[in-house]
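Here the structure comes first, spelled out in structure tokens, and everything after it is commentary.
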Amino acid sequence: MGSRPYRRRLAWGAAALLVAGIAVPAAASAAEHHGPSDVSSRTPKNAKNVILLIGDGMGDSEITLARDYTVGAAGRLNMDKFPMTGAYTTYAVDKNGKPDYVTDSAASGTGWATGRKTVNGRISKTPGTDKPMTTILELAQQGGLATGSVTTAELTDATPAVLASHATDRSCQGPADMKACPNDTIAKGGPGSIAEQSVNHKVDVLLGGGRNRFDQKITEGRYQGLTVTQQAEKLGYQIVTDAKSLSSARAGKPVLGLFAPGNVPVEWTGKSAAVGGTAAQRCVTSNAERKAGTPDLESQTRKALELLDTGKGKKKGFFLQVEGASIDKRDHAADPCGQIGETAAFDRAVKAAREYAAKHPDTLVVTTADHGHSSQIVPLEANPPGLSSTLVTNEGQQLKVNYSTNTPGQSQEHTGTEVRIAAQGPQSQRVLGVTDQTELFTTIRTALSLR
């Protein structure tokens, strides 16, 4: 008798959630499905830490492709196990604020970094007047939090750039790359290149590629005649270049990791898609171009968390962004194996973040993408007009991938679709339903109680 009212209340609550469009998992399997750090009555209202994981170009097709290939159609990736899952819209705007339906990584990153939309190619500056907009990383620093940015791209690439720099054009990555940003030069009273700004911001942990940008000489201002790397050393940075030196880095001084001259080489290789398709292939889980001692994204993420947790952020907390950048880059190249390998590497970083949050329930973890991309899973009998490739998955089944957003020989294109956003921890319920990229800024700001 005593359990019947409870059962009726539980049934009514589940029905209400279903009416609201929220899936209610079976209680018996909830822990198994969601994994560590599930939402519970013990989840704090506010977060001490935020870990934001961005799969660049990682739309639902890219996630499904990696899932099918690595863990099977009925399997689940780490990024599939978050208790709160929604979608967000990703469009940019033109200089008049009207929608530009397909965004690039600069405009999309600016959206969550500042809470406002901008034109494609611009880094955390307004669309019409080209004025700097305060970023979530800058607010975190003002609030006394430690900050970090980890990427498999150049550290000056669009997604990491939106946090710690303001540039008229994303191409203005180093002191020698300022042609498109004349008003951002130090000579004109501007902040300088993205590389210079990133280290001037004193971000506690910067890990990625792009050594060639930081090796450029500064031609103006206080650090004239030095390279940006030397500027970083003057500012107290520990410079690390491989897994060994990264493991030796210690909290208390900022860390700049430069693990490749340009983008960090991908983990997997294989035949790119071709007109008329390819013979069925298994991906090669290695890459001769990837230098021995290059730390993977998971190990970089774990080290970043260690440094932020034991350094300046021990008392106040931290904000960390982690980007799997070359999901996008290999999608552009119609390279399914490279793309899948980078998605798998990103998923291991997601696992590292969730394991940290399991021990620190005052941590908000969010995983999402900046925009959709071009890969599609199509029937084996399909004959796409563009590029395609047939893969043999880990289940021993064949799977066909199509890339037809541009003519063969041209770079494949982003798409304007909404993309997944998933979360756990304080304020994670804010990602439910369909939101916009700019609302992620508000979610993080609210969770961290930043003004």
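Chain labels follow the order of the structure tokens: the first chain is A, the next B, and so on; residue numbering restarts at 1 in every chain, and ligands are counted from 1 in their shown order.
When the distance limit is 10 Å and only C-alpha atoms are what count, the residues near Gly324 of chain A, minus those fewer than 5 positions from it on the same chain, are A:Leu53, A:Ile54, A:Gly55, A:Asp56, A:Gly57, A:Met58, A:Val150, A:Thr151, A:Thr152, A:Ala153, A:Thr159, A:Leu297, A:Lys329, A:Glu342, A:Thr343, A:Ala344, A:Ala345, A:Phe346, A:Asp347, A:Ala349, A:Ala369.
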How would the residues just picked look written out with C-alpha atoms as a compact mmCIF listing (two decimals), in the first residue's frame?
# COMPACT_ATOMS: atom_id res chain seq x y z
CA LEU A 53 35.12 19.96 -25.29
CA ILE A 54 34.70 21.00 -28.93
CA GLY A 55 34.76 18.48 -31.76
CA ASP A 56 35.43 20.75 -34.73
CA GLY A 57 33.07 19.83 -37.57
CA MET A 58 31.68 16.98 -35.46
CA VAL A 150 44.14 22.47 -25.61
CA THR A 151 43.87 21.72 -29.32
CA THR A 152 45.14 19.41 -32.06
CA ALA A 153 45.29 22.42 -34.42
CA THR A 159 38.67 27.78 -32.15
CA LEU A 297 44.67 14.70 -26.99
CA LYS A 329 40.24 19.15 -41.34
CA GLU A 342 40.47 12.07 -34.68
CA THR A 343 36.90 11.56 -33.45
CA ALA A 344 38.05 8.49 -31.49
CA ALA A 345 40.95 10.51 -30.03
CA PHE A 346 38.53 13.29 -29.06
CA ASP A 347 36.24 10.73 -27.42
CA ALA A 349 39.57 13.18 -24.10
CA ALA A 369 30.71 20.88 -32.05
Spatial neighbours of Tyr91 of chain A, 7 Å, only C-alpha atoms, chain gap at least 2 places, as an MDAnalysis selection string | chainID A and resid 89 93 99:103 416
For the residues in the current selection, export N, CA and C atoms as a CSV table (one decimal), in the first residue's frame.
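Ended up saving to selection_30.csv:
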chain,number,residue,atom,x,y,z
A,89,THR,N,21.8,25.6,-32.6
A,89,THR,CA,21.9,26.2,-33.9
A,89,THR,C,23.3,26.9,-34.0
A,93,VAL,N,26.4,35.7,-38.9
A,93,VAL,CA,25.6,36.8,-39.3
A,93,VAL,C,26.5,37.6,-40.3
A,99,PRO,N,21.2,36.7,-40.8
A,99,PRO,CA,21.7,35.4,-40.7
A,99,PRO,C,22.6,35.0,-41.9
A,100,ASP,N,23.7,34.4,-41.7
A,100,ASP,CA,24.5,33.8,-42.7
A,100,ASP,C,24.5,32.3,-42.3
A,101,TYR,N,23.8,31.5,-43.0
A,101,TYR,CA,23.3,30.2,-42.5
A,101,TYR,C,24.4,29.1,-42.3
A,102,VAL,N,25.5,29.3,-42.9
A,102,VAL,CA,26.6,28.3,-42.8
A,102,VAL,C,27.8,29.1,-42.1
A,103,THR,N,28.2,28.7,-40.9
A,103,THR,CA,29.2,29.4,-40.2
A,103,THR,C,30.6,28.7,-40.4
A,416,GLY,N,25.1,23.8,-42.6
A,416,GLY,CA,24.4,24.7,-41.7
A,416,GLY,C,23.5,24.1,-40.7
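Shortest separation to Ala146 of chain A among A:Asn49, A:Thr85, A:Thr229, A:Thr168 occurs at residue A:Asn49, atoms counted being only C-alpha atoms.
Our summary of the geometry notes that atom CA of Asn96 of chain A is positioned 23.7 Å from atom CA of Leu163 of chain A.
Nearest to Met84 of chain A of all the residues A:Val401, A:Ala353, A:Val264, A:Ala423 is A:Ala423, counting only C-alpha atoms.
Comparing the minimum interatomic distances between Leu448 of chain A and each of A:Ala304, A:Ala334, A:Leu364, A:Leu235, counting only C-alpha atoms, we find that A:Leu364 sits nearest.
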If you count only C-alpha atoms, which residues fall within 10 Å of Val199 of chain A, apart from same-chain ones fewer than 6 positions away, as JSON, numbers by chain?
-> {"A": [164, 165, 205, 206, 214, 228, 229, 231, 232, 233, 235, 236, 237, 254, 255, 256]}
Determine, counting only C-alpha atoms, which protein, DNA and RNA residues have an atom within 9 Å of an atom of Gln173 of chain A; residues of the same chain fewer than 6 positions away are not included. Present the result as an MDAnalysis selection string.
-> chainID A and resid 155:157 161 167 193:196 213
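Look at Met133 of chain A: the protein and nucleic acid residues within 10 Å of it, using only C-alpha atoms and passing over chain neighbours fewer than 3 places away, are A:Thr110, A:Ala113, A:Thr114, A:Gly115, A:Arg116, A:Ile123, A:Ser124, A:Lys125, A:Thr126, A:Asp130, A:Ile136, A:Glu138, A:Val162, A:Ser165, A:His166.
For the residues A:Asp215, A:Glu220, A:Asp204, A:Asp328, ranking by smallest atom-to-atom distance to Met178 of chain A using only C-alpha atoms places A:Glu220 first.
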Taken to one decimal, the atom CA of Gly208 of chain A-atom CA of Ala176 of chain A distance is 19.9 Å
